[in-house]
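Peer 1: Dropping in structure-v2.txt, which is compact mmCIF, C-alpha atoms:
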```txt
# COMPACT_ATOMS: atom_id res chain seq x y z
CA MET A 25 -134.34 -47.78 -84.51
CA ALA A 26 -135.88 -50.54 -86.56
CA ASN A 27 -133.70 -52.93 -88.49
CA SER A 28 -133.33 -51.05 -91.77
CA GLU A 29 -131.88 -54.06 -93.60
CA ALA A 30 -135.24 -55.82 -93.26
CA GLU A 31 -137.21 -52.79 -94.50
CA TYR A 32 -135.27 -51.55 -97.54
CA ASP A 33 -132.46 -52.84 -99.68
CA ILE A 34 -129.45 -51.08 -101.23
CA PHE A 35 -131.26 -50.73 -104.57
CA GLN A 36 -134.09 -48.77 -102.93
CA VAL A 37 -131.49 -46.66 -101.12
CA GLU A 38 -129.78 -45.99 -104.46
CA ASP A 39 -133.14 -45.00 -105.98
CA TYR A 40 -133.67 -42.44 -103.22
CA LEU A 41 -130.11 -41.12 -103.60
CA ASN A 42 -130.66 -40.68 -107.34
CA ARG A 43 -133.69 -38.47 -106.61
CA CYS A 44 -131.45 -36.44 -104.31
CA GLY A 45 -128.96 -35.93 -107.15
CA ILE A 46 -126.36 -38.40 -105.92
CA HIS A 47 -125.40 -41.06 -108.46
CA ILE A 48 -123.16 -43.93 -107.47
CA GLU A 49 -120.61 -45.08 -110.04
CA TRP A 50 -120.32 -48.82 -109.49
CA ILE A 51 -117.15 -50.52 -110.74
CA LYS A 52 -117.74 -53.74 -112.68
CA THR A 53 -117.02 -57.00 -110.86
CA SER A 54 -117.48 -60.65 -111.79
CA SER A 55 -119.72 -61.20 -108.76
CA SER A 56 -123.50 -61.12 -109.00
CA VAL A 57 -123.75 -60.20 -105.31
CA ASP A 58 -120.86 -57.83 -104.53
CA ARG A 59 -120.82 -54.30 -105.94
CA ARG A 60 -117.71 -52.13 -105.88
CA MET A 61 -117.17 -48.40 -105.73
CA VAL A 62 -114.74 -45.71 -104.63
CA CYS A 63 -114.78 -45.57 -100.83
CA PRO A 64 -116.83 -42.54 -99.73
CA VAL A 65 -114.46 -42.03 -96.78
CA CYS A 66 -110.87 -42.63 -97.95
CA GLY A 67 -111.32 -42.41 -101.73
CA GLN A 68 -109.69 -45.73 -102.63
CA ARG A 69 -111.27 -48.01 -105.24
CA ASN A 70 -111.84 -50.97 -102.99
CA PHE A 71 -115.17 -50.48 -101.22
CA TYR A 72 -117.33 -53.60 -101.66
CA TYR A 73 -121.04 -53.76 -100.95
CA ASN A 74 -122.80 -57.09 -100.51
CA THR A 75 -126.29 -56.51 -101.90
CA GLU A 76 -127.77 -59.60 -100.26
CA LYS A 77 -126.45 -58.90 -96.76
CA GLY A 78 -126.91 -55.14 -97.03
CA ARG A 79 -123.39 -54.51 -95.79
CA GLY A 80 -120.37 -52.75 -97.24
CA CYS A 81 -116.75 -52.38 -96.18
CA CYS A 82 -113.57 -50.67 -97.41
CA TYR A 83 -110.63 -53.03 -97.92
CA GLY A 84 -108.17 -50.25 -98.78
CA GLY A 85 -105.43 -50.67 -101.32
CA LYS A 86 -101.72 -50.04 -101.64
CA GLN A 87 -102.16 -47.22 -99.17
CA TYR A 88 -103.87 -47.01 -95.79
CA ALA A 89 -107.14 -48.95 -95.45
CA CYS A 90 -109.80 -47.03 -93.54
CA SER A 91 -111.84 -50.25 -92.99
CA VAL A 92 -115.07 -48.24 -92.73
CA ALA A 93 -118.24 -50.35 -92.75
CA PHE A 94 -121.86 -49.45 -93.48
CA ASN A 95 -125.30 -51.01 -93.55
CA ASN A 96 -128.04 -49.84 -95.92
CA CYS A 97 -129.10 -47.02 -93.58
CA SER A 98 -125.69 -45.69 -92.55
CA PHE A 99 -124.45 -45.94 -96.16
CA GLY A 100 -127.16 -43.61 -97.42
CA ALA A 101 -126.77 -41.32 -94.44
CA ASN A 102 -123.03 -40.98 -95.06
CA LEU A 103 -123.46 -40.05 -98.70
CA LEU A 104 -126.02 -37.37 -97.75
CA SER A 105 -124.02 -36.16 -94.70
CA ILE A 106 -126.96 -36.66 -92.34
CA GLN A 107 -127.61 -38.81 -89.28
CA PRO A 108 -128.76 -42.44 -89.82
CA LYS A 109 -131.91 -41.74 -87.80
CA GLU A 110 -132.91 -38.95 -90.19
CA PHE A 111 -132.09 -41.05 -93.25
CA HIS A 112 -134.18 -43.93 -91.92
CA TYR A 113 -137.13 -41.54 -91.45
CA LEU A 114 -136.75 -40.23 -95.02
CA MET A 115 -136.50 -43.77 -96.43
CA MET A 116 -139.63 -44.92 -94.63
CA LYS A 117 -141.49 -41.91 -96.03
CA TYR A 118 -140.12 -42.72 -99.49
CA LEU A 119 -141.29 -46.33 -99.24
CA GLY A 120 -144.72 -44.96 -98.41
CA GLY A 121 -144.77 -42.91 -101.62
CA GLU A 122 -143.58 -39.56 -100.24
CA PHE A 123 -140.25 -38.07 -101.30
CA ILE A 124 -138.70 -35.53 -98.93
CA ALA A 125 -135.20 -34.26 -99.63
CA PRO A 126 -132.82 -33.92 -96.65
CA GLY A 127 -133.34 -30.61 -94.84
CA GLU A 128 -136.54 -29.88 -96.81
CA LYS A 129 -140.20 -29.92 -95.82
CA THR A 130 -141.72 -30.20 -99.30
CA VAL A 131 -143.43 -33.56 -99.87
CA THR A 132 -143.64 -34.95 -103.39
CA LYS A 133 -145.92 -37.87 -104.15
CA VAL A 134 -143.97 -40.64 -105.93
CA GLU A 135 -144.30 -44.27 -106.97
CA PRO A 136 -142.74 -46.24 -104.10
CA PRO A 137 -139.56 -48.06 -105.19
CA LYS A 138 -139.97 -51.79 -105.41
CA ALA A 139 -137.68 -54.10 -103.50
CA HIS A 140 -135.09 -55.82 -105.65
CA GLU A 141 -136.18 -59.33 -106.56
CA LYS A 142 -133.49 -61.81 -105.70
CA LYS A 143 -132.71 -64.33 -108.36
CA PRO A 144 -133.37 -67.91 -107.27
CA GLU A 145 -130.19 -69.47 -105.95
CA ARG A 146 -128.57 -71.93 -108.29
CA PRO A 147 -127.94 -75.40 -106.84
CA GLN A 148 -124.38 -75.91 -105.63
CA ASN A 149 -122.19 -78.94 -104.95
CA ASP A 150 -120.17 -79.60 -101.81
CA ILE A 151 -116.43 -79.56 -102.40
CA SER A 152 -114.63 -82.89 -102.95
CA SER A 153 -112.06 -84.50 -100.65
CA ASP A 154 -108.48 -83.24 -100.70
CA SER A 155 -107.25 -86.37 -102.49
CA GLU A 156 -109.86 -85.95 -105.26
CA LEU A 157 -109.02 -82.25 -105.56
CA ASP A 158 -105.33 -83.10 -105.88
CA LYS A 159 -105.99 -85.31 -108.92
CA TYR A 160 -108.31 -82.69 -110.42
CA TYR A 161 -106.02 -79.70 -109.99
CA GLN A 162 -102.98 -81.64 -111.15
CA SER A 163 -104.90 -82.52 -114.32
CA ILE A 164 -105.65 -78.81 -114.92
CA LEU A 165 -101.95 -78.01 -114.51
CA ASP A 166 -100.98 -80.85 -116.87
CA PHE A 167 -103.32 -79.44 -119.52
CA SER A 168 -102.33 -75.80 -119.04
CA PRO A 169 -99.36 -74.17 -120.80
CA LEU A 170 -96.81 -71.75 -119.41
CA THR A 171 -96.77 -68.79 -121.76
CA ASP A 172 -93.55 -66.98 -122.63
CA ARG A 173 -95.01 -63.84 -121.13
CA ASP A 174 -95.70 -65.49 -117.73
CA LYS A 175 -92.37 -67.32 -117.73
CA GLY A 176 -90.67 -63.99 -118.40
CA ASP A 177 -92.55 -62.36 -115.52
CA LEU A 178 -91.46 -65.14 -113.15
CA ASN A 179 -87.86 -64.85 -114.34
CA LYS A 180 -87.97 -61.10 -113.66
CA ARG A 181 -89.25 -61.88 -110.18
CA GLY A 182 -86.12 -63.98 -109.61
CA PHE A 183 -87.19 -67.57 -110.35
CA ASN A 184 -85.01 -69.70 -112.61
CA ASP A 185 -86.54 -72.16 -115.09
CA GLU A 186 -85.86 -75.22 -112.93
CA GLU A 187 -87.60 -73.65 -109.93
CA ILE A 188 -90.63 -72.64 -112.02
CA GLU A 189 -91.02 -76.21 -113.25
CA ARG A 190 -90.53 -77.72 -109.79
CA LEU A 191 -93.11 -75.40 -108.23
CA GLY A 192 -95.62 -76.30 -110.94
CA TYR A 193 -96.51 -72.78 -112.02
CA LYS A 194 -98.55 -72.57 -115.23
CA SER A 195 -100.61 -69.98 -117.13
CA TRP A 196 -104.36 -69.45 -116.96
CA THR A 197 -105.37 -68.06 -120.34
CA ASN A 198 -109.13 -68.53 -119.81
CA GLN A 199 -109.22 -70.01 -123.32
CA ASN A 200 -109.97 -73.48 -124.71
CA LEU A 201 -112.36 -74.14 -121.83
CA LYS A 202 -114.29 -76.70 -123.89
CA ASP A 203 -111.06 -78.59 -124.61
CA LEU A 204 -110.09 -78.42 -120.94
CA CYS A 205 -113.48 -79.79 -119.89
CA SER A 206 -113.22 -82.61 -122.44
CA TYR A 207 -109.70 -83.42 -121.22
CA LEU A 208 -110.85 -83.59 -117.58
CA VAL A 209 -114.01 -85.60 -118.19
CA ASP A 210 -113.09 -87.88 -121.08
CA ARG A 211 -109.37 -88.49 -120.55
CA LYS A 212 -108.92 -88.06 -116.80
CA ARG A 213 -112.38 -89.38 -115.83
CA ILE A 214 -112.96 -86.49 -113.44
CA ASP A 215 -116.41 -86.26 -111.86
CA PHE A 216 -117.44 -82.59 -112.12
CA LYS A 217 -119.29 -82.71 -108.79
CA GLY A 218 -117.38 -80.95 -106.04
CA LYS A 219 -114.71 -79.55 -108.36
CA PRO A 220 -114.32 -75.74 -108.23
CA GLY A 221 -114.39 -74.46 -111.80
CA MET A 222 -116.70 -77.16 -113.16
CA CYS A 223 -120.49 -76.95 -113.37
CA LEU A 224 -123.50 -77.82 -115.54
CA SER A 225 -124.89 -75.77 -118.38
CA PHE A 226 -128.62 -75.16 -118.40
CA LYS A 227 -128.80 -78.00 -120.92
CA ASN A 228 -127.28 -80.25 -118.23
CA GLN A 229 -123.95 -80.58 -120.02
CA VAL A 230 -120.72 -80.55 -118.01
CA MET A 231 -118.75 -77.36 -118.65
CA PHE A 232 -115.89 -75.29 -117.25
CA ALA A 233 -116.97 -71.90 -115.91
CA ASP A 234 -115.58 -68.73 -117.42
CA GLN A 235 -113.21 -67.22 -114.82
CA TYR A 236 -113.16 -63.68 -116.32
CA PHE A 237 -109.43 -63.28 -115.65
CA LYS A 238 -105.97 -64.35 -116.84
CA GLY A 239 -102.70 -64.85 -115.01
CA ILE A 240 -100.25 -67.31 -113.46
CA LEU A 241 -101.63 -70.50 -111.89
CA LEU A 242 -100.22 -71.19 -108.42
CA PRO A 243 -100.81 -74.60 -106.76
CA VAL A 244 -101.94 -74.39 -103.13
CA LYS A 245 -100.66 -77.44 -101.22
CA ASN A 246 -101.90 -78.78 -97.90
CA GLU A 247 -99.86 -80.46 -95.15
CA LYS A 248 -99.84 -83.73 -97.18
CA ALA A 249 -98.44 -82.03 -100.32
CA GLU A 250 -101.85 -82.39 -101.99
CA ILE A 251 -103.01 -79.57 -104.27
CA VAL A 252 -106.24 -78.37 -102.66
CA ALA A 253 -106.79 -75.12 -104.58
CA LEU A 254 -105.50 -73.13 -107.53
CA HIS A 255 -104.68 -69.46 -107.14
CA CYS A 256 -104.33 -67.26 -110.18
CA ARG A 257 -101.94 -64.29 -109.88
CA LEU A 258 -103.50 -61.72 -112.18
CA HIS A 259 -101.45 -59.67 -114.64
CA ASP A 260 -100.57 -56.25 -113.24
CA GLU A 261 -102.15 -54.36 -116.16
CA ASP A 262 -105.49 -56.01 -115.37
CA LEU A 263 -105.47 -54.67 -111.82
CA ASP A 264 -106.86 -51.42 -110.50
CA ASP A 265 -105.35 -49.88 -107.41
CA GLY A 266 -106.56 -51.94 -104.44
CA ASP A 267 -107.62 -55.01 -106.45
CA ASN A 268 -106.93 -58.44 -105.05
CA LYS A 269 -103.92 -59.75 -106.97
CA CYS A 270 -104.99 -63.38 -106.70
CA ARG A 271 -108.27 -65.16 -107.45
CA TYR A 272 -109.36 -68.73 -106.91
CA ILE A 273 -110.43 -71.00 -109.75
CA THR A 274 -114.08 -71.47 -108.84
CA SER A 275 -117.59 -72.10 -110.15
CA SER A 276 -119.45 -70.60 -107.20
CA ASN A 277 -122.96 -69.38 -108.15
CA TRP A 278 -122.87 -71.31 -111.44
CA ASN A 279 -125.44 -74.06 -112.07
CA TYR A 280 -124.37 -77.01 -109.88
CA GLY A 281 -121.04 -75.27 -109.35
CA THR A 282 -118.61 -75.55 -106.46
CA LYS A 283 -117.06 -72.81 -104.37
CA SER A 284 -113.32 -72.94 -103.75
CA VAL A 285 -112.52 -73.02 -100.04
CA PRO A 286 -109.66 -70.76 -98.79
CA LYS A 287 -106.77 -72.97 -97.68
CA CYS A 288 -103.28 -72.49 -96.28
CA HIS A 289 -100.37 -73.24 -98.59
CA PHE A 290 -97.48 -75.32 -97.23
CA ALA A 291 -94.18 -74.39 -98.89
CA CYS A 292 -92.08 -77.16 -97.38
CA ASP A 293 -89.84 -80.12 -97.98
CA PHE A 294 -92.00 -83.24 -97.60
CA TYR A 295 -91.08 -86.80 -96.66
CA PRO A 296 -93.16 -90.01 -96.25
CA ASP A 297 -94.15 -91.08 -92.74
CA PHE A 298 -94.52 -94.68 -91.56
CA ASP A 299 -97.89 -94.97 -93.30
CA GLY A 300 -96.51 -93.64 -96.56
CA GLU A 301 -98.31 -90.29 -96.29
CA MET A 302 -96.33 -87.15 -97.03
CA VAL A 303 -95.61 -84.86 -94.08
CA PRO A 304 -93.72 -81.55 -93.95
CA TYR A 305 -90.28 -81.15 -92.37
CA PHE A 306 -89.93 -78.22 -89.96
CA LYS A 307 -86.31 -77.16 -89.63
CA ASP A 308 -85.29 -76.29 -86.02
CA GLY A 309 -88.93 -76.58 -84.91
CA ILE A 310 -89.71 -73.30 -86.66
CA VAL A 311 -92.44 -72.37 -89.14
CA LEU A 312 -92.66 -69.03 -90.90
CA VAL A 313 -96.09 -67.58 -91.72
CA THR A 314 -96.79 -65.09 -94.50
CA GLU A 315 -99.60 -64.20 -96.90
CA GLY A 316 -99.58 -65.40 -100.51
CA VAL A 317 -98.35 -68.48 -102.37
CA ILE A 318 -95.49 -66.86 -104.30
CA LYS A 319 -94.15 -65.16 -101.16
CA ALA A 320 -94.12 -68.46 -99.29
CA ASP A 321 -92.44 -70.32 -102.16
CA ILE A 322 -89.69 -67.69 -102.45
CA ILE A 323 -88.99 -67.59 -98.72
CA HIS A 324 -88.76 -71.39 -98.59
CA LEU A 325 -86.45 -71.50 -101.61
CA MET A 326 -84.15 -68.84 -100.15
CA THR A 327 -84.04 -69.94 -96.49
CA GLY A 328 -84.81 -73.66 -96.38
CA TYR A 329 -87.34 -73.08 -93.63
CA SER A 330 -90.91 -74.32 -93.96
CA VAL A 331 -93.39 -71.55 -94.72
CA ILE A 332 -97.17 -71.48 -94.43
CA ALA A 333 -99.04 -68.95 -96.57
CA LEU A 334 -102.38 -67.71 -95.30
CA PRO A 335 -105.12 -67.04 -97.87
CA GLY A 336 -105.28 -63.58 -96.27
CA VAL A 337 -104.13 -61.93 -93.05
CA ASN A 338 -107.77 -61.94 -91.94
CA ASN A 339 -108.28 -65.60 -92.89
CA ARG A 340 -106.47 -67.72 -90.31
CA LYS A 341 -109.16 -70.34 -89.66
CA ASP A 342 -107.45 -73.12 -91.62
CA LEU A 343 -104.09 -72.50 -89.93
CA LEU A 344 -105.59 -72.38 -86.44
CA SER A 345 -107.17 -75.80 -87.07
CA LYS A 346 -103.67 -77.18 -87.77
CA PHE A 347 -101.96 -76.00 -84.58
CA ASP A 348 -102.17 -79.46 -82.95
CA PHE A 349 -100.72 -81.02 -86.11
CA LEU A 350 -97.81 -78.57 -86.04
CA LYS A 351 -97.08 -79.40 -82.39
CA LEU A 352 -97.15 -83.12 -83.21
CA LEU A 353 -94.38 -82.55 -85.76
CA GLY A 354 -92.25 -80.62 -83.30
CA VAL A 355 -93.03 -77.02 -84.15
CA GLU A 356 -92.28 -74.75 -81.20
CA THR A 357 -91.85 -71.32 -82.77
CA ILE A 358 -94.06 -69.46 -85.22
CA VAL A 359 -92.56 -66.43 -86.96
CA ASN A 360 -94.88 -63.70 -88.25
CA MET A 361 -93.59 -62.56 -91.67
CA PHE A 362 -96.46 -60.33 -92.78
CA ASP A 363 -95.48 -57.43 -95.03
CA THR A 364 -94.19 -54.25 -93.46
CA ASP A 365 -97.29 -52.35 -94.60
CA GLU A 366 -98.80 -53.15 -91.21
CA LYS A 367 -97.02 -49.93 -90.17
CA THR A 368 -99.45 -47.93 -92.29
CA ASN A 369 -102.38 -50.33 -92.83
CA LYS A 370 -104.56 -50.47 -89.72
CA GLN A 371 -106.40 -53.56 -90.95
CA VAL A 372 -103.17 -55.55 -91.33
CA ALA A 373 -101.86 -54.24 -87.99
CA ASP A 374 -105.05 -55.31 -86.18
CA HIS A 375 -104.96 -58.82 -87.66
CA SER A 376 -101.24 -59.13 -86.90
CA ALA A 377 -101.95 -58.33 -83.24
CA LYS A 378 -104.77 -60.90 -83.14
CA PHE A 379 -102.51 -63.47 -84.75
CA ARG A 380 -99.87 -62.90 -82.05
CA THR A 381 -102.48 -63.53 -79.34
CA GLU A 382 -103.69 -66.72 -81.06
CA ILE A 383 -100.14 -68.07 -81.31
CA LEU A 384 -99.28 -67.35 -77.67
CA ASN A 385 -102.59 -68.75 -76.40
CA ALA A 386 -101.85 -71.98 -78.27
CA GLY A 387 -98.54 -72.36 -76.42
CA PHE A 388 -96.10 -71.49 -79.22
CA VAL A 389 -93.19 -69.08 -79.05
CA TYR A 390 -94.06 -65.99 -81.12
CA LYS A 391 -91.54 -63.97 -83.10
CA ARG A 392 -91.93 -61.09 -85.54
CA ALA A 393 -89.46 -60.94 -88.42
CA THR A 394 -87.95 -57.57 -89.33
CA TRP A 395 -85.74 -56.55 -92.23
CA ASN A 396 -84.33 -53.50 -93.96
CA ASP A 397 -87.37 -52.64 -96.07
CA VAL A 398 -85.83 -49.96 -98.27
CA CYS A 399 -83.80 -50.90 -101.35
CA PRO A 400 -80.61 -48.76 -101.27
CA GLU A 401 -80.32 -48.78 -105.07
CA SER A 402 -83.87 -47.69 -105.98
CA ASN A 403 -85.02 -46.23 -102.64
CA LYS A 404 -88.22 -48.27 -103.08
CA LEU A 405 -89.86 -50.42 -100.43
CA LEU A 406 -88.93 -54.07 -99.99
CA LYS A 407 -92.36 -54.54 -98.48
CA GLY A 408 -92.28 -58.33 -98.27
CA TYR A 409 -89.53 -60.56 -96.93
CA ASP A 410 -89.58 -62.26 -100.33
CA ASP A 411 -88.66 -58.92 -101.94
CA TYR A 412 -85.81 -58.51 -99.46
CA LEU A 413 -84.46 -62.02 -100.12
CA MET A 414 -84.65 -61.69 -103.89
CA TYR A 415 -82.77 -58.39 -103.70
CA LYS A 416 -80.15 -59.74 -101.29
CA HIS A 417 -79.48 -63.09 -103.01
CA ARG A 418 -80.40 -62.46 -106.67
CA HIS A 419 -80.12 -58.71 -106.96
CA ILE A 420 -83.73 -58.22 -108.08
CA ILE A 421 -84.24 -54.46 -107.74
CA PRO A 422 -87.85 -53.24 -107.25
```
If you convert what's in this file into structure tokens, what do you get?

Peer 2:
Amino acid sequence: MANSEAEYDIFQVEDYLNRCGIHIEWIKTSSSVDRRMVCPVCGQRNFYYNTEKGRGCCYGGKQYACSVAFNNCSFGANLLSIQPKEFHYLMMKYLGGEFIAPGEKTVTKVEPPKAHEKKPERPQNDISSDSELDKYYQSILDFSPLTDRDKGDLNKRGFNDEEIERLGYKSWTNQNLKDLCSYLVDRKRIDFKGKPGMCLSFKNQVMFADQYFKGILLPVKNEKAEIVALHCRLHDEDLDDGDNKCRYITSSNWNYGTKSVPKCHFACDFYPDFDGEMVPYFKDGIVLVTEGVIKADIIHLMTGYSVIALPGVNNRKDLLSKFDFLKLLGVETIVNMFDTDEKTNKQVADHSAKFRTEILNAGFVYKRATWNDVCPESNKLLKGYDDYLMYKHRHIIP
């Protein structure tokens, strides 16, 4: 069969589906490229469709992720419960000005749907060096407050005030963006180029991009203790089932904006080496690996072991590039501390298995952490090892 992505886009597919009486309810996102809907297979609200690539995939939610994927042709075929070959035939007829409903022979002359015109891409900047990013992100944290609401949420999670201050957590209110921009440019002398979050207005004035969300700012530190990204843990009431809890501060797709690059977070004790650069200390030659900044920070606080947080279980590229560095500092054992939902989430289970293979192939000892994942007092899941530790040591009941 011909490559359907080159012949019709998702908007033309949607136009045909509308004529067939099927109307897709897209869920609003902040992206101009990704569209979101309820998964047509598993029913969870986390199916994303990239309109430029003509591809869609289900990322699941709190429950099982079906991980189904479609292209423009198979997507339409699935919604109409027909074979992709038949749908492709019907779409080609439709593009030629003939509408034929599935299973019908009647031909109706129609105005062929026009292909969606892509907006011209806005110029983007390459991201700055880690040392420049560290100064930039630290300046954002210095400017940002910690609201009583966010401090209260962190206290409920088990952090005390001293730990919150030491970890550098702040609040992202998505307000006073003009004042923030002025503070960065005028007082801190930050060059906007290469700084995720900053961009140019169409009047060529430096500005800070609207992030469309609020939450707790979490510094992401590299192996030199430099802040190389800022995560924002969104407020629970702003999340739908299956939403990503964390977002990056970014200005991707803004005029002369900069995309934030997913990075590992090192939750470690650091010390200066002979050259004065900060390096992490790995107790007993062991490093623990989890997903998420807060999880890593809690596990390090509670155990004393160094923890590396992946940006996602499916995003291990940055960590794999640091395997030689870990060996140089004496790391022999890597412990997988992914959440226990890999028992029910096929996507997590698959990536956990791949991660095991990558660790063993690199010559490390691989271990998988296990814990009692049911709270005896509430009978709720202690899904993450951080939940287990906070319950065991600080009696935080889920």

Peer 1: Just how far from CA of Leu191 in chain A is CA of Ile332 in chain A, in Å to one decimal?

Peer 2: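 Value for the CA of Ile332 in chain A-CA of Leu191 in chain A distance: 14.9 Å.
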
Peer 1: Please report the interatomic distance between CA of Pro400 in chain A and CA of Asn179 in chain A in Å with one decimal.

Peer 2: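 One can read the CA of Pro400 in chain A to CA of Asn179 in chain A distance as 22.0 Å.
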
Peer 1: Please measure the separation of CA of Val209 in chain A and CA of Phe232 in chain A, giving the value in Å to one decimal.

Peer 2: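 These two atoms are separated by 10.5 Å.
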
Peer 1: Which of these, A:Gly336, A:Asp397, A:Lys238, A:Leu352, has the shortest distance to His375 in chain A once you count only C-alpha atoms?

Peer 2: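 Going through A:Gly336, A:Asp397, A:Lys238, A:Leu352 one by one, the smallest distance to His375 in chain A is for A:Gly336.
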
Peer 1: Which residue, A:Met61, A:Asn198, A:Gly182, A:Lys351, has the smallest gap to Lys416 in chain A when you use only C-alpha atoms?

Peer 2: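 Smallest separation from Lys416 in chain A among the options: A:Gly182.
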
Peer 1: Near Gly328 in chain A, counting all atoms listed in the file, which residues have an atom at most 12 Å away, once you skip same-chain residues fewer than 5 positions from it, shown as a PyMOL selection string?

Peer 2: chain A and resi 291-293+305-308+310-312+320-323

Peer 1: Using all atoms listed in the file, which of A:Thr327, A:Ile383, A:His419, A:Thr53 sits nearest Cys399 in chain A?

Peer 2: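 Among the listed residues, A:His419 lies closest to Cys399 in chain A.
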
Peer 1: Nearest to Tyr329 in chain A among A:Ile273, A:Leu344, A:Pro304, A:Ser402, with distances taken over all atoms listed in the file: which residue is it?

Peer 2: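 Going through A:Ile273, A:Leu344, A:Pro304, A:Ser402 one by one, the smallest distance to Tyr329 in chain A is for A:Pro304.
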
Peer 1: With distances taken over only C-alpha atoms, which of A:Ser376, A:Thr274, A:Ser195, A:Asn149 is nearest to Asp363 in chain A?

Peer 2: A:Ser376

Peer 1: From the list A:Ser163, A:Arg60, A:Asn74, A:Leu413, which residue is nearest Asp210 in chain A when using all atoms listed in the file?

Peer 2: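 Under the stated criterion, the closest residue is A:Ser163.
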
Peer 1: Extract, using all atoms listed in the file, all DNA, RNA and protein residues at most 7 Å from Thr282 in chain A, discarding same-chain residues fewer than 3 positions from it, and format them as number ranges by chain.

Peer 2: A: 148-151, 218-221, 274-276
